[in-house]
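S.K.: Provided herewith: data.tsv, TSV, C-alpha atoms and all ligand atoms.
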chain	number	residue	atom	x	y	z
A	21	MET	CA	0.00	0.00	0.00
A	22	VAL	CA	1.27	3.49	-0.84
A	23	ASN	CA	1.95	5.63	2.17
A	24	ILE	CA	0.27	8.95	1.30
A	25	SER	CA	2.12	10.91	3.94
A	26	ASN	CA	5.52	9.73	2.61
A	27	THR	CA	4.51	10.48	-0.96
A	28	ARG	CA	3.56	13.99	0.13
A	29	THR	CA	6.90	14.58	1.84
A	30	LEU	CA	8.68	13.30	-1.26
A	31	ASN	CA	6.64	15.55	-3.56
A	32	GLN	CA	7.30	18.49	-1.31
A	33	LYS	CA	11.04	17.78	-1.32
A	34	ASN	CA	11.05	17.42	-5.10
A	35	LEU	CA	9.15	20.63	-5.56
A	36	ILE	CA	11.54	22.54	-3.30
A	37	ASN	CA	14.61	21.13	-5.05
A	38	ASN	CA	13.17	21.93	-8.44
A	39	ILE	CA	12.36	25.50	-7.42
A	40	LEU	CA	15.87	25.98	-6.05
A	41	ASN	CA	17.18	24.66	-9.37
A	42	GLY	CA	15.17	27.29	-11.23
A	43	ASP	CA	12.45	25.07	-12.66
A	44	THR	CA	9.60	27.40	-13.65
A	45	VAL	CA	6.90	24.71	-13.78
A	46	SER	CA	7.57	23.91	-10.12
A	47	LEU	CA	7.72	27.62	-9.31
A	48	SER	CA	4.28	28.13	-10.87
A	49	ARG	CA	2.92	25.10	-9.00
A	50	ALA	CA	4.17	26.50	-5.69
A	51	ILE	CA	2.65	29.92	-6.40
A	52	THR	CA	-0.65	28.23	-7.26
A	53	LEU	CA	-0.52	26.46	-3.90
A	54	ILE	CA	0.05	29.80	-2.19
A	55	GLU	CA	-2.93	31.30	-3.97
A	56	SER	CA	-5.15	28.34	-3.12
A	57	LYS	CA	-7.95	28.81	-0.64
A	58	LYS	CA	-7.67	25.19	0.56
A	59	ASN	CA	-6.13	24.85	4.00
A	60	SER	CA	-4.08	21.77	3.07
A	61	ASP	CA	-2.58	23.58	0.07
A	62	ARG	CA	-1.73	26.61	2.17
A	63	LYS	CA	-0.04	24.38	4.74
A	64	LEU	CA	2.04	22.72	2.06
A	65	ALA	CA	2.83	26.10	0.52
A	66	ASN	CA	4.00	27.40	3.87
A	67	ASN	CA	6.38	24.46	4.32
A	68	ILE	CA	7.79	25.06	0.85
A	69	LEU	CA	8.16	28.76	1.55
A	70	LYS	CA	9.96	28.14	4.83
A	71	GLU	CA	12.43	25.72	3.22
A	72	CYS	CA	13.04	28.03	0.27
A	73	LEU	CA	13.58	30.99	2.56
A	74	SER	CA	16.17	29.16	4.64
A	75	LYS	CA	18.06	27.88	1.58
A	76	ASN	CA	17.98	31.08	-0.44
A	77	LYS	CA	21.25	32.98	-0.21
A	78	LYS	CA	20.53	35.53	-2.90
A	79	THR	CA	19.28	39.11	-2.41
A	80	SER	CA	17.25	40.25	-5.35
A	81	ILE	CA	16.09	43.73	-6.08
A	82	ARG	CA	12.38	44.41	-6.02
A	83	ILE	CA	10.97	47.14	-8.22
A	84	GLY	CA	7.36	48.38	-8.21
A	85	ILE	CA	5.96	49.87	-11.40
A	86	THR	CA	2.73	51.85	-11.40
A	87	GLY	CA	0.76	54.19	-13.66
A	88	VAL	CA	-2.72	54.48	-15.09
A	89	PRO	CA	-3.93	51.95	-17.68
A	90	GLY	CA	-2.62	52.89	-21.10
A	91	VAL	CA	0.47	54.75	-19.84
A	92	GLY	CA	2.62	51.94	-21.20
A	93	LYS	CA	3.49	49.77	-18.18
A	94	SER	CA	3.61	46.46	-20.04
A	95	THR	CA	5.46	47.99	-22.99
A	96	PHE	CA	7.95	49.49	-20.56
A	97	ILE	CA	8.36	46.18	-18.71
A	98	GLU	CA	8.90	44.46	-22.04
A	99	ALA	CA	11.65	46.98	-22.91
A	100	LEU	CA	13.32	46.95	-19.48
A	101	GLY	CA	13.01	43.16	-19.11
A	102	THR	CA	14.55	42.54	-22.53
A	103	TYR	CA	17.40	44.93	-21.73
A	104	LEU	CA	18.07	43.22	-18.39
A	105	SER	CA	17.91	39.77	-19.93
A	106	LYS	CA	20.62	40.82	-22.39
A	107	LEU	CA	22.73	41.73	-19.35
A	108	GLU	CA	22.26	38.08	-18.26
A	109	LYS	CA	19.90	39.04	-15.44
A	110	LYS	CA	17.03	36.78	-14.51
A	111	VAL	CA	13.81	38.76	-14.29
A	112	ALA	CA	10.45	37.84	-12.75
A	113	VAL	CA	7.34	39.89	-13.48
A	114	LEU	CA	4.43	39.75	-11.01
A	115	ALA	CA	1.22	41.74	-10.87
A	116	VAL	CA	-0.96	43.12	-8.12
A	117	ASP	CA	-4.30	43.74	-9.69
A	118	PRO	CA	-7.17	44.75	-7.43
A	119	SER	CA	-9.51	45.01	-10.43
A	120	SER	CA	-9.25	41.26	-10.85
A	121	SER	CA	-11.70	40.77	-7.97
A	122	ILE	CA	-14.30	42.64	-9.99
A	123	THR	CA	-13.62	41.45	-13.50
A	124	ARG	CA	-12.22	38.05	-12.58
A	125	GLY	CA	-9.61	38.90	-15.15
A	126	SER	CA	-6.08	40.08	-14.75
A	127	ILE	CA	-4.04	42.94	-16.09
A	128	LEU	CA	-1.39	40.46	-17.03
A	129	GLY	CA	-3.79	37.71	-17.92
A	130	ASP	CA	-3.30	38.52	-21.55
A	131	LYS	CA	0.31	37.50	-21.88
A	132	THR	CA	0.48	38.68	-25.48
A	133	ARG	CA	0.95	42.15	-24.00
A	134	MET	CA	4.60	41.20	-23.48
A	135	LYS	CA	5.24	39.29	-26.65
A	136	ASN	CA	9.02	38.99	-26.52
A	137	LEU	CA	9.35	38.70	-22.80
A	138	VAL	CA	7.15	35.60	-22.53
A	139	LYS	CA	9.52	33.78	-24.89
A	140	ASP	CA	12.67	34.89	-23.05
A	141	PRO	CA	14.26	32.04	-21.05
A	142	ASN	CA	15.68	34.55	-18.54
A	143	VAL	CA	12.22	35.90	-17.77
A	144	TYR	CA	9.33	34.50	-15.74
A	145	ILE	CA	5.90	36.16	-15.95
A	146	ARG	CA	3.15	35.43	-13.49
A	147	PRO	CA	-0.27	37.07	-13.86
A	148	SER	CA	-2.03	38.04	-10.67
A	149	PRO	CA	-4.73	35.79	-9.24
A	150	ALA	CA	-8.36	36.76	-9.12
A	151	GLY	CA	-8.46	37.68	-5.45
A	152	ASN	CA	-11.34	38.83	-3.34
A	153	GLU	CA	-9.61	41.45	-1.34
A	154	LEU	CA	-6.43	43.36	-1.87
A	155	GLY	CA	-4.85	42.39	1.45
A	156	GLY	CA	-4.93	38.77	0.39
A	157	VAL	CA	-3.62	39.43	-3.06
A	158	SER	CA	-0.71	41.49	-1.82
A	159	ASN	CA	0.19	38.96	0.84
A	160	LYS	CA	0.32	36.29	-1.82
A	161	THR	CA	2.46	38.54	-3.97
A	162	ARG	CA	4.94	38.86	-1.12
A	163	GLU	CA	5.15	35.11	-0.87
A	164	SER	CA	5.50	34.81	-4.64
A	165	ILE	CA	8.42	37.24	-4.51
A	166	ILE	CA	10.23	34.96	-2.06
A	167	LEU	CA	9.62	31.92	-4.25
A	168	CYS	CA	10.88	33.75	-7.36
A	169	GLU	CA	14.02	34.76	-5.46
A	170	SER	CA	14.57	31.16	-4.43
A	171	ALA	CA	14.28	30.14	-8.06
A	172	GLY	CA	17.21	32.45	-8.81
A	173	TYR	CA	15.55	35.60	-10.14
A	174	ASP	CA	17.76	38.67	-9.61
A	175	ILE	CA	15.20	41.32	-10.37
A	176	ILE	CA	11.52	41.19	-9.46
A	177	LEU	CA	9.28	43.64	-11.30
A	178	ILE	CA	5.85	44.13	-9.74
A	179	GLU	CA	3.27	45.84	-11.89
A	180	THR	CA	0.18	47.49	-10.49
A	181	VAL	CA	-2.53	49.79	-11.77
A	182	GLY	CA	-3.41	52.88	-9.80
A	183	VAL	CA	-6.63	51.56	-8.30
A	184	GLY	CA	-7.63	51.68	-4.64
A	185	GLN	CA	-4.82	50.85	-2.28
A	186	SER	CA	-2.82	48.81	-4.75
A	187	GLU	CA	0.07	51.24	-5.15
A	188	THR	CA	0.49	51.53	-1.40
A	189	SER	CA	0.48	47.76	-1.05
A	190	VAL	CA	3.11	47.40	-3.74
A	191	TYR	CA	5.15	50.26	-2.31
A	192	GLU	CA	5.27	48.32	0.96
A	193	MET	CA	6.83	45.27	-0.67
A	194	VAL	CA	9.45	46.77	-2.97
A	195	ASP	CA	12.84	48.45	-2.65
A	196	TYR	CA	12.34	50.92	-5.48
A	197	PHE	CA	9.10	52.45	-6.71
A	198	LEU	CA	8.73	53.74	-10.24
A	199	LEU	CA	5.87	55.88	-11.53
A	200	LEU	CA	5.10	56.06	-15.25
A	201	LYS	CA	3.40	59.18	-16.54
A	202	LEU	CA	2.34	60.81	-19.76
A	203	ALA	CA	3.18	64.31	-20.86
A	204	GLY	CA	0.45	66.83	-21.39
A	205	ALA	CA	-2.26	65.43	-19.17
A	206	GLY	CA	-2.89	66.74	-15.65
A	207	ASP	CA	-2.42	64.53	-12.61
A	208	GLU	CA	-6.17	64.47	-11.99
A	209	LEU	CA	-6.74	63.38	-15.56
A	210	GLN	CA	-4.19	60.63	-15.15
A	211	GLY	CA	-5.74	59.56	-11.88
A	212	ILE	CA	-2.48	60.18	-10.04
A	213	LYS	CA	-2.90	60.78	-6.34
A	214	ARG	CA	-0.59	63.20	-4.57
A	215	GLY	CA	0.74	60.52	-2.26
A	216	ILE	CA	2.01	58.48	-5.18
A	217	ILE	CA	4.40	61.23	-6.27
A	218	GLU	CA	5.83	61.26	-2.77
A	219	MET	CA	6.33	57.50	-2.84
A	220	ALA	CA	8.09	57.47	-6.22
A	221	ASP	CA	11.86	56.94	-6.42
A	222	SER	CA	11.68	57.74	-10.08
A	223	ILE	CA	9.17	59.40	-12.40
A	224	ILE	CA	9.27	58.36	-16.01
A	225	ILE	CA	7.53	60.33	-18.72
A	226	ASN	CA	6.75	57.60	-21.21
A	227	LYS	CA	5.88	57.90	-24.92
A	228	SER	CA	8.58	60.48	-25.48
A	229	ASP	CA	8.70	59.93	-29.23
A	230	GLY	CA	7.41	61.48	-32.48
A	231	ASP	CA	5.42	64.67	-31.94
A	232	ASN	CA	5.40	64.07	-28.22
A	233	ILE	CA	9.10	64.71	-27.53
A	234	SER	CA	8.92	68.40	-26.71
A	235	ALA	CA	5.85	67.94	-24.48
A	236	ALA	CA	7.72	65.13	-22.67
A	237	ASN	CA	10.76	67.37	-22.14
A	238	GLN	CA	8.50	70.12	-20.84
A	239	ALA	CA	6.84	67.70	-18.41
A	240	GLN	CA	10.28	66.52	-17.29
A	241	SER	CA	11.30	70.09	-16.36
A	242	GLU	CA	8.03	70.76	-14.57
A	243	PHE	CA	8.18	67.57	-12.56
A	244	SER	CA	11.84	68.01	-11.69
A	245	LEU	CA	11.00	71.43	-10.29
A	246	ALA	CA	7.99	70.09	-8.39
A	247	LEU	CA	10.04	67.23	-6.92
A	248	SER	CA	12.72	69.60	-5.67
A	249	LEU	CA	10.08	71.08	-3.36
A	250	TYR	CA	9.37	67.78	-1.63
A	251	PRO	CA	11.13	66.99	1.66
A	252	VAL	CA	14.23	64.75	1.56
A	253	LYS	CA	13.33	61.05	1.61
A	254	LEU	CA	14.30	58.75	4.48
A	255	SER	CA	16.49	56.89	1.99
A	256	LYS	CA	18.31	60.17	1.23
A	257	TRP	CA	17.67	59.36	-2.42
A	258	LYS	CA	16.76	62.25	-4.71
A	259	PRO	CA	14.17	60.98	-7.22
A	260	LYS	CA	14.83	61.79	-10.86
A	261	VAL	CA	12.48	62.52	-13.71
A	262	THR	CA	13.41	60.77	-16.95
A	263	THR	CA	11.83	60.72	-20.39
A	264	CYS	CA	11.52	57.42	-22.17
A	265	SER	CA	10.10	55.79	-25.25
A	266	SER	CA	9.28	52.20	-24.42
A	267	ILE	CA	8.40	51.30	-27.98
A	268	ASN	CA	11.74	52.65	-29.28
A	269	ASN	CA	13.80	51.48	-26.28
A	270	ASN	CA	14.98	55.03	-25.67
A	271	GLY	CA	15.96	55.91	-22.14
A	272	ILE	CA	15.90	52.35	-20.79
A	273	GLU	CA	19.67	52.22	-20.20
A	274	GLU	CA	19.62	55.53	-18.29
A	275	ILE	CA	16.73	54.32	-16.17
A	276	TRP	CA	18.64	51.16	-15.28
A	277	GLU	CA	21.72	53.24	-14.39
A	278	ASP	CA	19.53	55.33	-12.11
A	279	ILE	CA	18.12	52.22	-10.43
A	280	ARG	CA	21.65	50.91	-9.88
A	281	ASP	CA	22.70	54.23	-8.33
A	282	TYR	CA	19.76	53.99	-5.95
A	283	PHE	CA	20.80	50.53	-4.78
A	284	LYS	CA	24.41	51.59	-4.38
A	285	LEU	CA	23.37	54.50	-2.17
A	286	THR	CA	20.79	52.69	-0.05
A	287	LYS	CA	22.94	49.61	0.51
A	288	LYS	CA	25.78	51.87	1.62
A	289	ASN	CA	23.74	54.09	3.92
A	290	GLY	CA	21.84	51.17	5.49
A	291	TYR	CA	18.39	52.18	4.26
A	292	PHE	CA	17.97	49.09	2.06
A	293	LEU	CA	18.16	46.65	4.98
A	294	LYS	CA	16.26	48.90	7.37
A	295	ASN	CA	13.42	49.22	4.86
A	296	ARG	CA	13.29	45.46	4.23
A	297	ASN	CA	13.13	44.77	7.96
A	298	ASN	CA	10.35	47.33	8.39
A	299	GLN	CA	8.46	45.72	5.54
A	300	LYS	CA	8.75	42.32	7.23
A	301	LYS	CA	7.35	43.76	10.43
A	302	ASN	CA	4.41	45.34	8.58
A	303	TRP	CA	3.80	42.09	6.72
A	304	LEU	CA	3.60	40.22	10.02
A	305	MET	CA	1.18	42.75	11.52
A	306	GLN	CA	-0.99	42.66	8.40
A	307	THR	CA	-1.04	38.88	8.43
A	308	ILE	CA	-2.13	38.86	12.08
A	309	ASN	CA	-4.85	41.42	11.35
A	310	ASN	CA	-6.14	39.45	8.38
A	311	ARG	CA	-6.15	36.22	10.36
A	312	ILE	CA	-7.98	37.75	13.33
A	313	GLN	CA	-10.56	39.32	11.02
A	314	ASP	CA	-11.09	36.08	9.09
A	315	ASP	CA	-11.46	34.03	12.28
A	316	PHE	CA	-13.85	36.56	13.78
A	317	TYR	CA	-16.16	36.99	10.80
A	318	ASN	CA	-16.22	33.29	9.99
A	319	ASP	CA	-17.31	32.41	13.53
A	320	SER	CA	-20.96	31.33	13.51
A	321	LYS	CA	-21.64	33.11	16.83
A	322	THR	CA	-20.50	36.38	15.25
A	323	VAL	CA	-22.70	35.87	12.21
A	324	ILE	CA	-25.78	35.27	14.39
A	325	GLU	CA	-25.05	38.15	16.73
A	326	ILE	CA	-24.53	40.60	13.86
A	327	ASP	CA	-28.01	39.71	12.54
A	328	ASN	CA	-29.52	40.09	16.03
A	329	GLN	CA	-27.94	43.45	16.60
A	330	ILE	CA	-28.97	44.77	13.18
A	331	GLU	CA	-32.58	43.92	14.03
A	332	LEU	CA	-32.29	45.75	17.37
A	333	LEU	CA	-30.72	48.76	15.63
A	334	LYS	CA	-33.60	48.93	13.16
A	335	LYS	CA	-36.04	49.11	16.09
A	336	ASN	CA	-33.90	51.75	17.85
A	337	LYS	CA	-33.44	49.35	20.76
A	338	THR	CA	-29.67	49.72	20.87
A	339	THR	CA	-26.90	52.03	19.74
A	340	VAL	CA	-24.16	51.20	17.21
A	341	LEU	CA	-21.53	51.36	19.93
A	342	ALA	CA	-23.42	49.01	22.25
A	343	ALA	CA	-24.21	46.66	19.35
A	344	ALA	CA	-20.58	46.51	18.27
A	345	GLU	CA	-19.52	45.73	21.84
A	346	LYS	CA	-22.07	42.91	22.12
A	347	ILE	CA	-20.99	41.40	18.77
A	348	ILE	CA	-17.30	41.51	19.68
A	349	LYS	CA	-17.94	39.93	23.12
A	350	ASN	CA	-20.13	37.22	21.66
A	351	GLY	CA	-17.86	36.40	18.78
A	352	THR	CA	-14.77	35.85	20.86
B	1	LIG	P1	-0.49	49.68	-19.79
B	1	LIG	O1	-1.99	49.59	-19.77
B	1	LIG	O2	-0.02	50.75	-18.86
B	1	LIG	O3	0.19	48.36	-19.55
B	1	LIG	O4	-0.08	50.18	-21.26
B	1	LIG	P2	0.43	49.36	-22.54
B	1	LIG	O5	1.85	48.96	-22.37
B	1	LIG	O6	-0.55	48.29	-22.85
B	1	LIG	O7	0.41	50.49	-23.67
B	1	LIG	C1	-0.77	51.16	-24.04
B	1	LIG	C2	-0.60	51.68	-25.45
B	1	LIG	O8	0.43	52.65	-25.50
B	1	LIG	C3	-0.21	50.59	-26.46
B	1	LIG	O9	-0.90	50.83	-27.67
B	1	LIG	C4	1.29	50.81	-26.63
B	1	LIG	O10	1.76	50.40	-27.91
B	1	LIG	C5	1.42	52.30	-26.46
B	1	LIG	N1	2.75	52.68	-25.97
B	1	LIG	C6	3.39	52.15	-24.91
B	1	LIG	N2	4.60	52.72	-24.74
B	1	LIG	C7	4.72	53.63	-25.74
B	1	LIG	C8	5.75	54.55	-26.11
B	1	LIG	O11	6.82	54.62	-25.53
B	1	LIG	N3	5.49	55.35	-27.21
B	1	LIG	C9	4.32	55.30	-27.90
B	1	LIG	N4	4.16	56.12	-28.93
B	1	LIG	N5	3.34	54.43	-27.56
B	1	LIG	C10	3.53	53.61	-26.51
How does this structure look as structure tokens?
Ligand code: GDP

M.R.:
Amino acid sequence: MVNISNTRTLNQKNLINNILNGDTVSLSRAITLIESKKNSDRKLANNILKECLSKNKKTSIRIGITGVPGVGKSTFIEALGTYLSKLEKKVAVLAVDPSSSITRGSILGDKTRMKNLVKDPNVYIRPSPAGNELGGVSNKTRESIILCESAGYDIILIETVGVGQSETSVYEMVDYFLLLKLAGAGDELQGIKRGIIEMADSIIINKSDGDNISAANQAQSEFSLALSLYPVKLSKWKPKVTTCSSINNNGIEEIWEDIRDYFKLTKKNGYFLKNRNNQKKNWLMQTINNRIQDDFYNDSKTVIEIDNQIELLKKNKTTVLAAAEKIIKNGT
């Protein structure tokens, strides 16, 4: 008779070894386990993650890329990824896509958006899962980052659209945050929130080609001036504004140089490690919060008491504060 438990351990070991050897099929399988809602899958995924984490000796660099739909994120990632691959770097592309919970689709679901990159053996592309809430999606992205690093990827690019809290979530899991913009359209028109500019380590005016070059240069000057008025960042890094044409591959090399300068500075002044440790702490706190919330709301006593209290509220027989207190006491 086959011992299921032994088979499981063997499969787990194989999967871990394959991931550490850079096998992308195993990497995808592990990420699927992480994204699974089944408890047994999550348990297995956690074991894999723990093993990978302890065996991984490599420090990758994690870059967040944001901008409104249509600004050229995937075209830019295609250009940057191809450039990095030529430098013999291994690049993983992940996505945090809060819209997927609504559309059940994914911004990276259509892989044809990065035609060359998907065929590149140095590049791994993983579309984001259709999650229900952003907290979950971003937590899974964090775990996916660790798995990609274990599989030997040097550079992790994380794409997100500027919807809801997605930029903030991505900002909290990367070392370097890059904002893509277009010349000639106001921030409001581009859906750019003020806070995003403050988070950016680099602003890139994309589509600087053809008739658009002078408008892009103009935008570059305006943004450089605006940025000089912002307070100095904790990293001591001074964000730059660069123009770029992703379709013509113009500006990509300069942008990579800038990214390298950032890492040189922040590794030297200690910010890189400090930031990563802070991110780990926040990740832990978020995980605890999510877990407590899940446990609380899934408890049948809570569900019943919420219904009871809503009925009492409708009849003006209690106050919101008193109702909340009763629900919390009952649910725990
Ligand atoms: P995303 O929604 O931000 O991922 O944007 P896409 O990468 O899908 O690009 C949206 C459109 O802009 C596509 O038609 C691209 O071909 C075009 N595009 C992207 N980058 C450039 C660029 O540098 N120059 C020009 N002229 N068009 C670009």

S.K.: Can you tell me which residues surround range 89-95 of chain A at a distance of at most 9 Å, considering all atoms listed in the file, apart from same-chain residues fewer than 2 positions away, and format the answer as a list in words?

M.R.: Ile85, Thr86, Gly87, Ile97, Glu98, Ala99, Leu100, Leu128, Arg133, Met134, Glu179, Thr180, Val181, Gly182, Leu200, Lys201, Leu202, Gln210, Asn226, Lys227, Ser266 and Ile267 of chain A

S.K.: Counting all atoms listed in the file, which residue out of A:Asn136, A:Gln185, A:Arg162, A:Ile39 sits closest to Leu304 in chain A?

M.R.: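 That would be A:Arg162, the residue with the smallest distance to Leu304 in chain A.
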
S.K.: From the set A:Met305, A:Leu199, A:Ile279, A:Ile68, which residue has the shortest atom-to-atom contact distance to ligand LIG 1 (chain B), counting only C-alpha atoms and all ligand atoms?

M.R.: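 Answer, going by the shortest atom-to-atom distance: A:Leu199.
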
S.K.: Smallest atom-to-atom distance to ligand LIG 1 (chain B): which of A:Ile175, A:Ile36, A:Leu73, A:Ile272, using only C-alpha atoms and all ligand atoms?

M.R.: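 Closest candidate: A:Ile272.
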
S.K.: Could you please determine the separation between CA of Ala112 in chain A and CA of Lys78 in chain A in Å, to one decimal place?

M.R.: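 Pair CA of Ala112 in chain A / CA of Lys78 in chain A returns 14.3 Å.
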
S.K.: Because some atoms of range 322-333 of chain A are absent here, can you restore N, CA, C and O atoms and send them as a JSON list (two decimals), keeping the file's coordinate frame?

M.R.:
[["chain", "number", "residue", "atom", "x", "y", "z"],
["A", 322, "THR", "N", -20.56, 34.99, 15.72],
["A", 322, "THR", "CA", -20.50, 36.38, 15.25],
["A", 322, "THR", "C", -21.60, 36.63, 14.22],
["A", 322, "THR", "O", -22.30, 37.64, 14.28],
["A", 323, "VAL", "N", -21.72, 35.70, 13.29],
["A", 323, "VAL", "CA", -22.70, 35.87, 12.21],
["A", 323, "VAL", "C", -24.10, 36.04, 12.80],
["A", 323, "VAL", "O", -24.84, 36.97, 12.42],
["A", 324, "ILE", "N", -24.44, 35.20, 13.78],
["A", 324, "ILE", "CA", -25.78, 35.27, 14.39],
["A", 324, "ILE", "C", -25.95, 36.59, 15.14],
["A", 324, "ILE", "O", -26.95, 37.29, 14.99],
["A", 325, "GLU", "N", -24.93, 36.94, 15.91],
["A", 325, "GLU", "CA", -25.05, 38.15, 16.73],
["A", 325, "GLU", "C", -25.13, 39.41, 15.87],
["A", 325, "GLU", "O", -25.83, 40.36, 16.23],
["A", 326, "ILE", "N", -24.44, 39.43, 14.75],
["A", 326, "ILE", "CA", -24.53, 40.60, 13.86],
["A", 326, "ILE", "C", -25.98, 40.76, 13.39],
["A", 326, "ILE", "O", -26.55, 41.86, 13.45],
["A", 327, "ASP", "N", -26.61, 39.66, 12.99],
["A", 327, "ASP", "CA", -28.01, 39.71, 12.54],
["A", 327, "ASP", "C", -28.91, 40.21, 13.67],
["A", 327, "ASP", "O", -29.77, 41.07, 13.46],
["A", 328, "ASN", "N", -28.70, 39.66, 14.88],
["A", 328, "ASN", "CA", -29.52, 40.09, 16.03],
["A", 328, "ASN", "C", -29.41, 41.58, 16.25],
["A", 328, "ASN", "O", -30.41, 42.28, 16.42],
["A", 329, "GLN", "N", -28.17, 42.04, 16.27],
["A", 329, "GLN", "CA", -27.94, 43.45, 16.60],
["A", 329, "GLN", "C", -28.48, 44.38, 15.51],
["A", 329, "GLN", "O", -28.96, 45.47, 15.81],
["A", 330, "ILE", "N", -28.42, 43.94, 14.27],
["A", 330, "ILE", "CA", -28.97, 44.77, 13.18],
["A", 330, "ILE", "C", -30.48, 44.93, 13.38],
["A", 330, "ILE", "O", -31.03, 46.03, 13.23],
["A", 331, "GLU", "N", -31.13, 43.85, 13.78],
["A", 331, "GLU", "CA", -32.58, 43.92, 14.03],
["A", 331, "GLU", "C", -32.88, 44.92, 15.15],
["A", 331, "GLU", "O", -33.79, 45.73, 15.06],
["A", 332, "LEU", "N", -32.08, 44.83, 16.24],
["A", 332, "LEU", "CA", -32.29, 45.75, 17.37],
["A", 332, "LEU", "C", -32.04, 47.20, 16.96],
["A", 332, "LEU", "O", -32.75, 48.11, 17.38],
["A", 333, "LEU", "N", -31.02, 47.39, 16.10],
["A", 333, "LEU", "CA", -30.72, 48.76, 15.63],
["A", 333, "LEU", "C", -31.89, 49.33, 14.83],
["A", 333, "LEU", "O", -32.24, 50.51, 14.99]]
